[in-house]
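K.L.:
Sharing a structure with you now.
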Amino acid sequence: MSTPKSRDPIAVTTADGVSWLRRAVTSDGRGLYAVAGVCDCPEFVMATLPELAEHGLAGFEFGPFAAGEVSEGGDD
């Protein structure tokens with residue numbers, strides 16, 4: 001069975017300034033997000049993009065990264 005892929009952003013910033021990173025992908029391709037800097041977060045407490053949108057979205061980062069990979073920044 002192949003790993004599910006997502007078209008959701010790899011990073012999201014909510015209107016309150018909190019940064020969220022995509023850490024997993026559901027079987028139907030929805031990204032699951034945890035607060036940036038949290039090392040261990042069970043899937044049942046992660047948030048989906050629509051759930052984060054309820055709090056207001058301020059920014060996104062897209063990239064060719066698999067779930068769990070984090071961009072370190074820099075020039076691409």
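Ordering of the structure tokens sets the chain letters (A, B, ...); residue numbers start at 1 within each chain; ligands are numbered from 1 in the order shown.
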Write out as number ranges by chain each polymer residue whose atoms come within 7 Å of Met46 (chain A), counting only C-alpha atoms; drop sequence neighbours fewer than 5 positions from it.

P.N.:
A: 32-34

K.L.:
For Glu51 (chain A), which residue out of A:Gly31, A:Gly63, A:Gly17, A:Pro4 is the nearest one, using only C-alpha atoms?

P.N.:
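So, comparing all the options, the nearest one is A:Gly31.
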
K.L.:
Run DSSP on the backbone and grab whatever in region 1-75 of chain A lands in strand (DSSP E); send it over as a list of chain:residue names.

P.N.:
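Selection result, strand (DSSP E) within region 1-75 of chain A: A:Ala11, A:Val12, A:Thr13, A:Thr14, A:Ser19, A:Trp20, A:Leu21, A:Arg22, A:Arg23, A:Ala24, A:Val25, A:Gly31, A:Leu32, A:Tyr33, A:Ala34, A:Val35, A:Ala47, A:Thr48, A:Leu57, A:Ala58, A:Gly59, A:Phe60, A:Glu61.
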
K.L.:
Please save N, CA and C atoms of the selected residues as a tab-separated table (two decimals), in the first residue's frame.

P.N.:
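Resulting contents of again28.tsv:
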```
chain	number	residue	atom	x	y	z
A	11	ALA	N	2.96	23.93	5.77
A	11	ALA	CA	2.95	24.78	6.97
A	11	ALA	C	1.82	25.79	6.86
A	12	VAL	N	1.20	26.09	7.99
A	12	VAL	CA	0.08	27.03	8.06
A	12	VAL	C	0.31	27.94	9.26
A	13	THR	N	0.00	29.21	9.10
A	13	THR	CA	0.01	30.14	10.23
A	13	THR	C	-1.41	30.62	10.42
A	14	THR	N	-1.93	30.46	11.63
A	14	THR	CA	-3.28	30.92	11.93
A	14	THR	C	-3.26	32.41	12.26
A	19	SER	N	2.16	28.87	14.41
A	19	SER	CA	2.63	28.11	13.25
A	19	SER	C	2.31	26.63	13.45
A	20	TRP	N	1.77	26.02	12.40
A	20	TRP	CA	1.40	24.61	12.40
A	20	TRP	C	2.12	23.92	11.26
A	21	LEU	N	2.64	22.72	11.49
A	21	LEU	CA	3.33	21.94	10.46
A	21	LEU	C	2.55	20.66	10.16
A	22	ARG	N	2.50	20.32	8.87
A	22	ARG	CA	1.84	19.07	8.49
A	22	ARG	C	2.73	17.93	8.94
A	23	ARG	N	2.19	17.07	9.79
A	23	ARG	CA	2.96	15.95	10.36
A	23	ARG	C	2.50	14.61	9.84
A	24	ALA	N	1.29	14.54	9.28
A	24	ALA	CA	0.74	13.28	8.80
A	24	ALA	C	-0.29	13.58	7.72
A	25	VAL	N	-0.74	12.53	7.04
A	25	VAL	CA	-1.76	12.66	6.01
A	25	VAL	C	-2.77	11.54	6.22
A	31	GLY	N	-4.19	16.78	5.10
A	31	GLY	CA	-3.06	16.98	5.98
A	31	GLY	C	-3.50	17.06	7.44
A	32	LEU	N	-2.68	16.52	8.33
A	32	LEU	CA	-2.91	16.64	9.77
A	32	LEU	C	-1.78	17.50	10.33
A	33	TYR	N	-2.14	18.54	11.09
A	33	TYR	CA	-1.19	19.54	11.54
A	33	TYR	C	-1.02	19.52	13.06
A	34	ALA	N	0.23	19.76	13.48
A	34	ALA	CA	0.57	19.92	14.89
A	34	ALA	C	1.28	21.26	15.03
A	35	VAL	N	1.22	21.83	16.21
A	35	VAL	CA	1.90	23.09	16.46
A	35	VAL	C	3.40	22.91	16.23
A	47	ALA	N	-4.83	18.73	13.98
A	47	ALA	CA	-5.93	19.46	13.35
A	47	ALA	C	-5.83	19.35	11.84
A	48	THR	N	-6.98	19.36	11.16
A	48	THR	CA	-7.02	19.41	9.71
A	48	THR	C	-7.05	20.87	9.26
A	57	LEU	N	-6.90	32.03	8.93
A	57	LEU	CA	-5.59	31.68	8.38
A	57	LEU	C	-4.86	32.94	7.94
A	58	ALA	N	-3.58	33.01	8.26
A	58	ALA	CA	-2.78	34.18	7.90
A	58	ALA	C	-1.76	33.87	6.83
A	59	GLY	N	-1.37	32.59	6.67
A	59	GLY	CA	-0.37	32.26	5.66
A	59	GLY	C	-0.20	30.78	5.48
A	60	PHE	N	0.41	30.41	4.33
A	60	PHE	CA	0.64	29.02	3.97
A	60	PHE	C	2.04	28.87	3.42
A	61	GLU	N	2.57	27.65	3.47
A	61	GLU	CA	3.81	27.32	2.77
A	61	GLU	C	3.57	26.01	2.06
```

K.L.:
Counting only C-alpha atoms, which of A:Asp28, A:Phe62, A:Ala36, A:Asp8 gets nearest to Pro50 (chain A)?

P.N.:
A:Asp8

K.L.:
From region 2-76 of chain A, collect each residue whose DSSP state is alpha helix (DSSP H) and return the set as a list in words.

P.N.:
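Matching residues, listed in order: Leu49, Pro50, Glu51, Leu52 and Ala53 of chain A.
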
K.L.:
Rounded to one decimal, what separation in Å do you get between CA of Arg7 (chain A) and CA of Leu49 (chain A)?

P.N.:
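The value is 11.0 Å.
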